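Colleague: Input: one structure, supplied below.
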Amino acid sequence: MTDEKKNPKGTAENWEPRIVCFFCNWCTYLAADLAGTSRIKYAPNMRVVRVMCSGRLDPQFVFEAFAKGADGVFIGGCHPGDCHYQEGNYKALRRFHLLKRVLMGMGIEEDRFRLEWISASEADRLKTTVNDMVAKVRALGPLNLETPDEVSTEEVRA
Amino acid sequence: MNEPKNKSSDKGGIGVYVCHCGTNIAGTIDVKRVADYAKGLPGVTLAREYKYMCSDPGQELIKQDIREHGLTRIVVAACSPTLHETTFRNATEAAGLNPYYFQMVNVREQDAWVHEDKEAATKKAVDLVRAAVRRVHLHKPLERRKVSIDSNVLVVGGGIAGIHAALTLANSGKHVYLVEREPTIGGHMAQFDKTFPTLDCAACILTPKMTSVRAHPNITMWTLSEVAQIDGYVGNFDVTVRRKARYINEDLCVGCMDCVEACVFKEPKFVNEFDVGLSKRKPVYMPFPQAVPQIVVIDPETCIEFKSGKCKKTCVEACGDRLAINLKMEDKIEKIKVGAVVLATGFQIFDAKRLPYYGYGTYPNVYTALEVERLVNASGPTGGEVVLRNSKKPQTVGIVHCIGSRDENTNRYCSRVCCMYSLKLAHLLKEKTGAEVYNFYIDMRTPGKGFEEFYNRVAEEGVHMIRGKVADVFPEGNGSDRVVLQAEDTLINKIRRVPVDMLVLAVGLEAHADASDVRRTFNITCSSEGFFLERHPKLAPVNTFSDGIYLAGCCQGPKDIPDTVAQAGAAAAEAMALIDKGYIELEPNTAFVVEEECSGCRTCLSMCPYSAISRDEEKGVAVINEVLCKGCGTCVAACPSGSIKQNLFEDEEIFEEIMGVLAHD
Amino acid sequence: MTATNAKPKVGFYWCASCGGCEEAVVDLAENILAVVEAVDIVFWPVAMDFKKKDVEAMEDGSILAMFINGAIRTTEQREMVQFLRRKSKLVIAYGACSHLGGIPGLANLWDRESVFRTVYHETPSTVNPEGTEPQTVFEENGRRVTLPGFFNTVRTLDQVVDVDYYIPGCAPTPKITLQAVQTLLSGNLPPKGAVLAPDVALCKECPRADTKPDDLAIKAFKRPHEILIDEEKCLLAQGIPCMGPATRGGCEALCIKGNMPCSGCFGPPGRVKDYGGKILSALASMVGSNDEAEIVKILESIPDPIGTFYRYSLPASLLRRKKMDAMSSEHK
């Protein structure tokens, strides 16, 4: 456990990965609730944004999360064929693959962006995937996107 | 209860409430710190922490603050929104504020209960509250849309659960469509001989109910029918039912069975499904003697006329001028509108062939419990005499519990009814044959009313109870028909080898093989064991996550007949409550196209599985039907020019939430 | 002191650009005469001989409108635009490079070090045995010359100075340019920050819009050279990634009329935060498969997603640039 929590060389000792999660209301969000009622413990690094369906996931949300400081983004939806709204998760799957290629092209490592199908009864699976992702992101270190600071804007108007 | 430390004298802003939930939240999260932090956030007028926000005084706190401080937005950090979002929205509304000016933060199920590190859990709560405060700022005043409810009900499945639900609803004046896939109603209960613990004859208590269904003016009973498709939403379901061709005109057949007698097949040749394969039937047959409707059915898979077109059709001849047989009949599609649906599709038994070491299918004297029900049944294949496949009567019987249940390799769960029915079969077999009966069990589960007493009775009748899992079944050999059951009797610490003439496997209950297809049709979910998933195991055991769809009986999980009937009544009551209210309010999280922004690119048109999006040719833009829209947001994300918005989940609101969870301050 | 009937002053400046935007001004053709009649061009390095010191002599804010094209890539460009900002009442980002970063913006997939390495060392025809690279300061024989610093990251104009309006396009069409100039001169100014083009995507004005099917399900994307492009049919319907649905209109669909797909030079409509994110969402949603392996395969027929979706807008995107393992901290 102590080994897992060790941050990579060069990273501040108290750095903790911050992972923004988009959970679909009917499956993954309920699985997370079930983990709660079952008192299953997992890493505290996830911050959940609830959406009704993984199909709501706009790639802009993912970019914004990384741009604003997330070290990882996790999408949770219903298993293929089980989407509460029939096919929203398939749209999410299609977007996920193209989005992943763009993110990797922008230097964001593959392990930082993850899509998992977690059904409402799979609380245990939620725990293992969350812990796994946190461990993988921890090993990669902080994303530290070089947000090139605004070059000083001298704005003098008449 | 705290005094708000940040009284604002100008126009009201956001009120933040952090719930202790006793120690459920406060035991892990420093709720005071979270509330203090919230006070300092832009737009927050006041922030409190309170022991039980969902209680009456808790809700009153919100209402009072809205009135006194002119609050315009409310954030509550407490349990999961699935529990109390509605509670707090209602409280907000009661104080005169639009209920959608409310945002809930889940700091219990998804924070306090799942993290041990208190500092991390508190930090997480802080982040989530900050995100909610930023989000709720942008919330718009939304209105729930009221739609009327159709008073018809669809009951799917004509077993005891479906029958009871249908009768209850019909008696209350609702019109019920009872759709059953087999040619007769009755389900598995019709196959049983006697029911535990009272040993009532199953048919005697079931058939009067079946007849009532048939006769009830408020029930439309469609057998040999299945739900092909269901569209719409709670209160307004459009259902397509496929009524398979029976090849018999239901109105003309009188159930005389002359056609069966006259069939060109002199002897029955085909597997009789009702007798679980223990007897045979002809292509034209009566499903079982007390079938409802009391009408024969022709099986096109086995009837010569359908296979070759060259049959003499002696059945038609025998029917004479009743003219009830119509070999040209086709499937009929019925379209109906209902307000609620009760699913009572029942169970299937565990396939004992999956555990080959018990010998089912290999040794001729191994039976499943359902087959034995037919053997002991007076209207069964052996007239109630327990005659084995070798034409002999058994002198020793072994009954093995937990076949397929409580087993990591097959099903982990306990099927609940098997111990009781195993005792019942032990009693019946002993009574009918005088045989020595040995029940091999792991635990004896007899919890219901009269169940423990029944166990004692059966034990006193001389049935041997061996506590041990049967590890092997092998032929006795030496020309004997018997098989030997080997088990460790854990109460006396000895290996026992018991040769038996008849081995009965107490097979467990499973969801139907096509449960996952059925659940997709009705847009509900299944649990990991495959049974339909209830909304909440304690508080909503007959509801599903799809409003208007209810569950009854074994399709929701293994249970005995008393519990099935109770649950069916509960489902009927839920449906009645829905319908009697007269209207339903739809959640307003629907999507809409901003007309002046839409370029008519058509990307969204194929995104909607509910066909809620169409094109206005005149204006060249997309239009979303608010009533059909279910609020998934897929079209919103797909729109390449950001011209579709989703109420309650607008891009801006979500961006604020993202920035909120990540902000450093 | 300005005379009471003096014409308003305007200027044109170019940063990291190709010169096409300057051409666009010239492309106004005879309309340019009307422009010249109405305004006083006081600074236009490519066409006129005014010097920086001439502008320095002017009062702050005395130039009515400064049209700046090109992205910001060097310290000199930064200095100039900050200077011109001071001297102007309105700064207008003219063309895709100043609006969104433009084609030069794609350099944000690299940094200065890797650009210099390629340009000055690795290209096949370069002969540079001493490994010489441009320096910001060079001294020899007591003489000192300087070169502007070269940023690691290409920026849009508004990431460096406050911008009042944007005229989109690579280059902006004559019609858009004329409309914008007329608007600015009319005194009836739109809200600050507006992009001076319609806020609806291109499909609205596309001549092929009616040929687009309602249920497009793409089984393979095609590049323009891979098929014989039908001149009447919607390009997306032919499998060619056309950025039209995500791109602001107003250009009269000139590229489509030239039988080529829209490449997105007008950028997104105002409500979209990340252009590439939206077009990728739409195209992915249209993929005609639910099987993961097949989806991946179909998407592979877009060989360069970043180049396709962010051709003009990488610096304006939410991520702005590729994360490099270690970028020099000098001249970010």
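In the structure tokens, each chain is lettered A, B, ... as it comes, each chain's residues begin at 1, and ligands are numbered from 1 in order of appearance.
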Please identify all residues of chain C having at least one atom at most 6 Å from any atom of chain A, considering only C-alpha atoms, and return them as a PyMOL selection string.
Modeller: chain C and resi 60-61+86+160-161+274+277+281+284-285+290+306+318-319+322-323
Colleague: Mind dumping the selected residues with N, CA and C atoms as a short mmCIF file (atom, residue, chain, number, x, y, z; two decimals), in the first residue's frame?
Modeller:
data_model
loop_
_atom_site.label_atom_id
_atom_site.label_comp_id
_atom_site.auth_asym_id
_atom_site.auth_seq_id
_atom_site.Cartn_x
_atom_site.Cartn_y
_atom_site.Cartn_z
N ASP C 60 -1.91 57.99 -28.21
CA ASP C 60 -2.52 56.69 -27.87
C ASP C 60 -4.00 56.72 -28.25
N GLY C 61 -4.48 55.65 -28.84
CA GLY C 61 -5.90 55.53 -29.17
C GLY C 61 -6.32 56.36 -30.35
N ARG C 86 -2.04 49.92 -27.93
CA ARG C 86 -2.05 51.19 -27.20
C ARG C 86 -2.45 52.33 -28.12
N VAL C 160 -2.76 37.61 -26.37
CA VAL C 160 -1.66 38.54 -26.11
C VAL C 160 -2.18 39.96 -25.83
N VAL C 161 -3.18 40.38 -26.59
CA VAL C 161 -3.76 41.69 -26.34
C VAL C 161 -5.28 41.59 -26.34
N ASP C 274 -14.54 24.60 -27.90
CA ASP C 274 -13.42 23.92 -28.54
C ASP C 274 -13.88 23.36 -29.87
N GLY C 277 -13.25 19.61 -30.70
CA GLY C 277 -14.06 18.71 -29.89
C GLY C 277 -15.43 18.51 -30.50
N SER C 281 -16.83 15.10 -32.26
CA SER C 281 -18.01 14.47 -31.68
C SER C 281 -19.02 14.12 -32.77
N ALA C 284 -17.60 11.28 -35.15
CA ALA C 284 -17.59 9.98 -34.46
C ALA C 284 -19.00 9.46 -34.29
N SER C 285 -19.93 10.37 -33.95
CA SER C 285 -21.31 9.93 -33.75
C SER C 285 -21.89 9.33 -35.02
N ASN C 290 -21.56 -0.38 -34.18
CA ASN C 290 -21.55 -0.44 -32.72
C ASN C 290 -20.51 -1.43 -32.21
N ILE C 306 -5.77 15.47 -35.47
CA ILE C 306 -5.46 16.82 -34.99
C ILE C 306 -5.34 17.77 -36.17
N LEU C 318 -8.90 24.27 -26.24
CA LEU C 318 -8.81 24.25 -24.79
C LEU C 318 -7.45 23.75 -24.32
N LEU C 319 -6.87 22.81 -25.02
CA LEU C 319 -5.57 22.30 -24.59
C LEU C 319 -4.42 23.16 -25.09
N LYS C 322 0.50 20.78 -27.58
CA LYS C 322 0.85 19.42 -27.17
C LYS C 322 1.74 19.51 -25.95
N LYS C 323 1.53 18.58 -25.04
CA LYS C 323 2.39 18.55 -23.87
C LYS C 323 3.69 17.87 -24.27
#
Colleague: At a cut-off of 6 Å, can you tabulate as JSON lines every residue of chain B near chain A together with its closest atom pair and the distance in Å to one decimal, using only C-alpha atoms and ordering rows by chain then number?
Modeller:
{"residue": "B:Glu109", "atom": "CA", "partner": "A:Gly36", "partner_atom": "CA", "distance": 4.0}
{"residue": "B:Gln110", "atom": "CA", "partner": "A:Gly36", "partner_atom": "CA", "distance": 5.8}
{"residue": "B:Trp113", "atom": "CA", "partner": "A:Gly36", "partner_atom": "CA", "distance": 5.1}
{"residue": "B:Val114", "atom": "CA", "partner": "A:Lys41", "partner_atom": "CA", "distance": 4.3}
{"residue": "B:His115", "atom": "CA", "partner": "A:Lys41", "partner_atom": "CA", "distance": 5.5}
{"residue": "B:Cys632", "atom": "CA", "partner": "A:Cys53", "partner_atom": "CA", "distance": 5.2}
{"residue": "B:Gly633", "atom": "CA", "partner": "A:Arg56", "partner_atom": "CA", "distance": 4.5}
{"residue": "B:Thr634", "atom": "CA", "partner": "A:Gly55", "partner_atom": "CA", "distance": 4.4}
{"residue": "B:Ala637", "atom": "CA", "partner": "A:Asp58", "partner_atom": "CA", "distance": 4.6}
Colleague: Counting only C-alpha atoms, what is within 9 Å of Lys204 in chain C, bar same-chain residues fewer than 4 positions away, as an mmCIF file with all heavy atoms, in the first residue's frame?
Modeller:
data_model
loop_
_atom_site.group_PDB
_atom_site.id
_atom_site.type_symbol
_atom_site.label_atom_id
_atom_site.label_comp_id
_atom_site.auth_asym_id
_atom_site.auth_seq_id
_atom_site.Cartn_x
_atom_site.Cartn_y
_atom_site.Cartn_z
ATOM 1 N N CYS B 598 -29.523 26.703 -35.359
ATOM 2 C CA CYS B 598 -29.418 25.442 -36.085
ATOM 3 C C CYS B 598 -29.145 25.662 -37.565
ATOM 4 O O CYS B 598 -29.812 26.467 -38.210
ATOM 5 C CB CYS B 598 -30.717 24.653 -35.910
ATOM 6 S SG CYS B 598 -30.782 23.159 -36.908
ATOM 7 N N SER B 599 -28.165 24.928 -38.103
ATOM 8 C CA SER B 599 -27.823 25.111 -39.514
ATOM 9 C C SER B 599 -28.504 24.088 -40.403
ATOM 10 O O SER B 599 -28.320 24.092 -41.608
ATOM 11 C CB SER B 599 -26.307 24.972 -39.699
ATOM 12 O OG SER B 599 -25.941 23.605 -39.562
ATOM 13 N N GLY B 600 -29.262 23.168 -39.789
ATOM 14 C CA GLY B 600 -29.923 22.142 -40.589
ATOM 15 C C GLY B 600 -28.966 21.075 -41.081
ATOM 16 O O GLY B 600 -29.229 20.426 -42.096
ATOM 17 N N CYS B 601 -27.884 20.842 -40.374
ATOM 18 C CA CYS B 601 -26.876 19.893 -40.857
ATOM 19 C C CYS B 601 -27.318 18.438 -40.740
ATOM 20 O O CYS B 601 -26.651 17.553 -41.239
ATOM 21 C CB CYS B 601 -25.549 20.103 -40.117
ATOM 22 S SG CYS B 601 -25.511 19.433 -38.429
ATOM 23 N N GLY B 620 -35.895 24.426 -42.416
ATOM 24 C CA GLY B 620 -34.572 23.847 -42.603
ATOM 25 C C GLY B 620 -33.813 23.635 -41.302
ATOM 26 O O GLY B 620 -32.588 23.705 -41.258
ATOM 27 N N VAL B 621 -34.562 23.386 -40.216
ATOM 28 C CA VAL B 621 -33.892 23.164 -38.935
ATOM 29 C C VAL B 621 -34.418 21.890 -38.291
ATOM 30 O O VAL B 621 -35.416 21.322 -38.716
ATOM 31 C CB VAL B 621 -34.140 24.339 -37.958
ATOM 32 C CG1 VAL B 621 -33.534 25.615 -38.500
ATOM 33 C CG2 VAL B 621 -35.614 24.502 -37.654
ATOM 34 N N VAL C 200 -24.114 30.951 -37.532
ATOM 35 C CA VAL C 200 -24.717 29.653 -37.845
ATOM 36 C C VAL C 200 -23.711 28.854 -38.656
ATOM 37 O O VAL C 200 -22.931 29.431 -39.403
ATOM 38 C CB VAL C 200 -25.985 29.806 -38.726
ATOM 39 C CG1 VAL C 200 -26.744 28.502 -38.792
ATOM 40 C CG2 VAL C 200 -26.850 30.926 -38.205
ATOM 41 N N ALA C 209 -26.671 21.154 -49.434
ATOM 42 C CA ALA C 209 -27.338 20.727 -48.190
ATOM 43 C C ALA C 209 -28.491 19.772 -48.416
ATOM 44 O O ALA C 209 -28.715 18.850 -47.642
ATOM 45 C CB ALA C 209 -27.802 21.944 -47.405
ATOM 46 N N PRO C 245 -20.447 21.331 -40.885
ATOM 47 C CA PRO C 245 -21.424 21.362 -39.795
ATOM 48 C C PRO C 245 -20.931 22.051 -38.536
ATOM 49 O O PRO C 245 -21.723 22.504 -37.724
ATOM 50 C CB PRO C 245 -21.685 19.875 -39.517
ATOM 51 C CG PRO C 245 -21.289 19.164 -40.757
ATOM 52 C CD PRO C 245 -20.187 19.958 -41.359
ATOM 53 N N GLY C 249 -20.589 29.992 -40.802
ATOM 54 C CA GLY C 249 -20.816 30.302 -42.224
ATOM 55 C C GLY C 249 -20.502 31.751 -42.551
ATOM 56 O O GLY C 249 -19.970 32.490 -41.727
#
Colleague: At a cut-off of 9 Å, using only C-alpha atoms, what residues contact Val42 in chain C? Leave out same-chain residues fewer than 4 positions from it and give the result as a PDB file with N, CA, C and O atoms, in the first residue's frame.
Modeller:
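Generated file (around-v4.pdb):
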ATOM      1  N   LYS C   9      -8.387  56.989 -39.003  1.00  0.00           N
ATOM      2  CA  LYS C   9      -7.139  56.317 -39.308  1.00  0.00           C
ATOM      3  C   LYS C   9      -7.314  54.808 -39.159  1.00  0.00           C
ATOM      4  O   LYS C   9      -7.915  54.337 -38.197  1.00  0.00           O
ATOM      5  N   VAL C  10      -6.770  54.067 -40.129  1.00  0.00           N
ATOM      6  CA  VAL C  10      -6.731  52.612 -39.972  1.00  0.00           C
ATOM      7  C   VAL C  10      -5.336  52.113 -40.280  1.00  0.00           C
ATOM      8  O   VAL C  10      -4.546  52.819 -40.907  1.00  0.00           O
ATOM      9  N   GLY C  11      -5.049  50.887 -39.853  1.00  0.00           N
ATOM     10  CA  GLY C  11      -3.744  50.305 -40.131  1.00  0.00           C
ATOM     11  C   GLY C  11      -3.870  48.820 -40.327  1.00  0.00           C
ATOM     12  O   GLY C  11      -4.866  48.201 -39.929  1.00  0.00           O
ATOM     13  N   PHE C  12      -2.881  48.262 -40.985  1.00  0.00           N
ATOM     14  CA  PHE C  12      -2.820  46.805 -41.171  1.00  0.00           C
ATOM     15  C   PHE C  12      -1.450  46.344 -40.717  1.00  0.00           C
ATOM     16  O   PHE C  12      -0.433  46.912 -41.098  1.00  0.00           O
ATOM     17  N   MET C  48       2.928  50.060 -47.731  1.00  0.00           N
ATOM     18  CA  MET C  48       3.247  51.492 -47.627  1.00  0.00           C
ATOM     19  C   MET C  48       4.468  51.721 -46.776  1.00  0.00           C
ATOM     20  O   MET C  48       4.884  50.869 -45.996  1.00  0.00           O
ATOM     21  N   PHE C  50       5.204  53.678 -44.244  1.00  0.00           N
ATOM     22  CA  PHE C  50       5.219  54.253 -42.898  1.00  0.00           C
ATOM     23  C   PHE C  50       6.094  53.409 -41.979  1.00  0.00           C
ATOM     24  O   PHE C  50       6.195  52.196 -42.113  1.00  0.00           O
ATOM     25  N   ASP C  54       6.618  56.560 -36.980  1.00  0.00           N
ATOM     26  CA  ASP C  54       5.503  57.419 -37.370  1.00  0.00           C
ATOM     27  C   ASP C  54       4.304  57.145 -36.476  1.00  0.00           C
ATOM     28  O   ASP C  54       3.587  58.053 -36.064  1.00  0.00           O
ATOM     29  N   VAL C  55       4.124  55.879 -36.171  1.00  0.00           N
ATOM     30  CA  VAL C  55       2.998  55.508 -35.307  1.00  0.00           C
ATOM     31  C   VAL C  55       3.284  55.925 -33.870  1.00  0.00           C
ATOM     32  O   VAL C  55       2.409  56.385 -33.150  1.00  0.00           O
ATOM     33  N   ILE C  63      -5.605  55.801 -33.537  1.00  0.00           N
ATOM     34  CA  ILE C  63      -5.946  55.010 -34.717  1.00  0.00           C
ATOM     35  C   ILE C  63      -7.299  54.365 -34.457  1.00  0.00           C
ATOM     36  O   ILE C  63      -7.491  53.721 -33.429  1.00  0.00           O
TER      37      ILE C  63
END
Colleague: Which of range 53-89 of chain A counts as strand (DSSP E) under DSSP, as a list in words please?
Modeller: Gly72, Val73, Phe74, Ile75, Gly76 and Gly77 of chain A
Colleague: Deliver the residues from the most recent selection as a file, using N, CA and C atoms, as an mmCIF file, in the first residue's frame.
Modeller:
data_model
loop_
_atom_site.group_PDB
_atom_site.id
_atom_site.type_symbol
_atom_site.label_atom_id
_atom_site.label_comp_id
_atom_site.auth_asym_id
_atom_site.auth_seq_id
_atom_site.Cartn_x
_atom_site.Cartn_y
_atom_site.Cartn_z
ATOM 1 N N GLY A 72 -6.438 13.057 -14.875
ATOM 2 C CA GLY A 72 -7.045 11.935 -15.580
ATOM 3 C C GLY A 72 -8.531 12.201 -15.749
ATOM 4 N N VAL A 73 -9.126 11.556 -16.751
ATOM 5 C CA VAL A 73 -10.575 11.654 -16.956
ATOM 6 C C VAL A 73 -11.118 10.248 -17.120
ATOM 7 N N PHE A 74 -12.209 9.973 -16.410
ATOM 8 C CA PHE A 74 -12.767 8.623 -16.397
ATOM 9 C C PHE A 74 -14.230 8.711 -16.801
ATOM 10 N N ILE A 75 -14.618 7.913 -17.767
ATOM 11 C CA ILE A 75 -16.020 7.913 -18.202
ATOM 12 C C ILE A 75 -16.649 6.584 -17.808
ATOM 13 N N GLY A 76 -17.786 6.632 -17.148
ATOM 14 C CA GLY A 76 -18.475 5.410 -16.746
ATOM 15 C C GLY A 76 -19.846 5.349 -17.389
ATOM 16 N N GLY A 77 -20.114 4.259 -18.089
ATOM 17 C CA GLY A 77 -21.425 4.131 -18.727
ATOM 18 C C GLY A 77 -21.953 2.723 -18.602
#
Colleague: Identify every residue of chain B that has at least one atom within 6 Å of any atom of chain C, counting only C-alpha atoms, and report the result as a PyMOL selection string.
Modeller: chain B and resi 597+599+601-602+606+638+640-642
Colleague: Could you find all residues in chain A that DSSP calls helix (DSSP H, G or I) from the backbone, and write them as a ChimeraX atom specification?
Modeller: /A:28-37,54-56,59-67,88-105,110-112,123-140
Colleague: Output C-alpha atoms of each residue in that selection to a file, as a PDB file, in the first residue's frame.
Modeller:
ATOM      1  CA  THR A  28     -22.131   3.766 -13.053  1.00  0.00           C
ATOM      2  CA  TYR A  29     -23.563   6.395 -10.731  1.00  0.00           C
ATOM      3  CA  LEU A  30     -25.778   3.763  -9.109  1.00  0.00           C
ATOM      4  CA  ALA A  31     -22.826   1.388  -8.868  1.00  0.00           C
ATOM      5  CA  ALA A  32     -20.983   4.116  -6.991  1.00  0.00           C
ATOM      6  CA  ASP A  33     -23.975   4.526  -4.685  1.00  0.00           C
ATOM      7  CA  LEU A  34     -24.057   0.776  -4.156  1.00  0.00           C
ATOM      8  CA  ALA A  35     -20.377   0.851  -3.253  1.00  0.00           C
ATOM      9  CA  GLY A  36     -21.384   3.427  -0.664  1.00  0.00           C
ATOM     10  CA  THR A  37     -24.201   1.431   0.857  1.00  0.00           C
ATOM     11  CA  SER A  54     -22.587   8.558 -21.271  1.00  0.00           C
ATOM     12  CA  GLY A  55     -23.942   9.735 -24.629  1.00  0.00           C
ATOM     13  CA  ARG A  56     -24.086  13.246 -23.168  1.00  0.00           C
ATOM     14  CA  PRO A  59     -15.398  15.917 -26.016  1.00  0.00           C
ATOM     15  CA  GLN A  60     -15.215  19.560 -24.966  1.00  0.00           C
ATOM     16  CA  PHE A  61     -15.813  18.434 -21.383  1.00  0.00           C
ATOM     17  CA  VAL A  62     -12.796  16.171 -21.527  1.00  0.00           C
ATOM     18  CA  PHE A  63     -10.571  18.870 -22.975  1.00  0.00           C
ATOM     19  CA  GLU A  64     -11.783  21.352 -20.392  1.00  0.00           C
ATOM     20  CA  ALA A  65     -11.099  18.923 -17.563  1.00  0.00           C
ATOM     21  CA  PHE A  66      -7.512  18.387 -18.668  1.00  0.00           C
ATOM     22  CA  ALA A  67      -7.013  22.071 -19.400  1.00  0.00           C
ATOM     23  CA  GLY A  88     -26.190   6.480 -26.039  1.00  0.00           C
ATOM     24  CA  ASN A  89     -23.247   4.445 -24.827  1.00  0.00           C
ATOM     25  CA  TYR A  90     -22.386   3.382 -28.355  1.00  0.00           C
ATOM     26  CA  LYS A  91     -22.128   7.035 -29.372  1.00  0.00           C
ATOM     27  CA  ALA A  92     -19.915   7.559 -26.346  1.00  0.00           C
ATOM     28  CA  LEU A  93     -17.762   4.629 -27.430  1.00  0.00           C
ATOM     29  CA  ARG A  94     -17.303   6.039 -30.909  1.00  0.00           C
ATOM     30  CA  ARG A  95     -16.389   9.471 -29.609  1.00  0.00           C
ATOM     31  CA  PHE A  96     -14.092   7.965 -26.996  1.00  0.00           C
ATOM     32  CA  HIS A  97     -11.888   6.308 -29.603  1.00  0.00           C
ATOM     33  CA  LEU A  98     -11.456   9.371 -31.737  1.00  0.00           C
ATOM     34  CA  LEU A  99     -10.994  11.554 -28.682  1.00  0.00           C
ATOM     35  CA  LYS A 100      -8.324   9.240 -27.360  1.00  0.00           C
ATOM     36  CA  ARG A 101      -6.314   9.561 -30.550  1.00  0.00           C
ATOM     37  CA  VAL A 102      -6.498  13.343 -30.336  1.00  0.00           C
ATOM     38  CA  LEU A 103      -5.498  13.346 -26.683  1.00  0.00           C
ATOM     39  CA  MET A 104      -2.552  11.082 -27.305  1.00  0.00           C
ATOM     40  CA  GLY A 105      -1.526  13.275 -30.207  1.00  0.00           C
ATOM     41  CA  GLU A 110      -3.292   6.771 -22.818  1.00  0.00           C
ATOM     42  CA  ASP A 111      -3.755   5.747 -19.200  1.00  0.00           C
ATOM     43  CA  ARG A 112      -5.070   9.169 -18.303  1.00  0.00           C
ATOM     44  CA  ALA A 123     -19.926  -1.882  -7.095  1.00  0.00           C
ATOM     45  CA  ASP A 124     -16.905  -4.065  -6.662  1.00  0.00           C
ATOM     46  CA  ARG A 125     -15.808  -3.503 -10.225  1.00  0.00           C
ATOM     47  CA  LEU A 126     -16.117   0.234  -9.690  1.00  0.00           C
ATOM     48  CA  LYS A 127     -13.730  -0.024  -6.809  1.00  0.00           C
ATOM     49  CA  THR A 128     -11.147  -2.017  -8.737  1.00  0.00           C
ATOM     50  CA  THR A 129     -11.262   0.193 -11.809  1.00  0.00           C
ATOM     51  CA  VAL A 130     -11.091   3.390  -9.748  1.00  0.00           C
ATOM     52  CA  ASN A 131      -8.142   2.136  -7.740  1.00  0.00           C
ATOM     53  CA  ASP A 132      -6.452   0.889 -10.868  1.00  0.00           C
ATOM     54  CA  MET A 133      -6.828   4.191 -12.641  1.00  0.00           C
ATOM     55  CA  VAL A 134      -5.604   6.189  -9.670  1.00  0.00           C
ATOM     56  CA  ALA A 135      -2.542   3.959  -9.430  1.00  0.00           C
ATOM     57  CA  LYS A 136      -1.796   4.292 -13.128  1.00  0.00           C
ATOM     58  CA  VAL A 137      -2.194   8.065 -13.097  1.00  0.00           C
ATOM     59  CA  ARG A 138      -0.092   8.319  -9.972  1.00  0.00           C
ATOM     60  CA  ALA A 139       2.685   6.428 -11.747  1.00  0.00           C
ATOM     61  CA  LEU A 140       2.500   8.896 -14.635  1.00  0.00           C
TER      62      LEU A 140
END
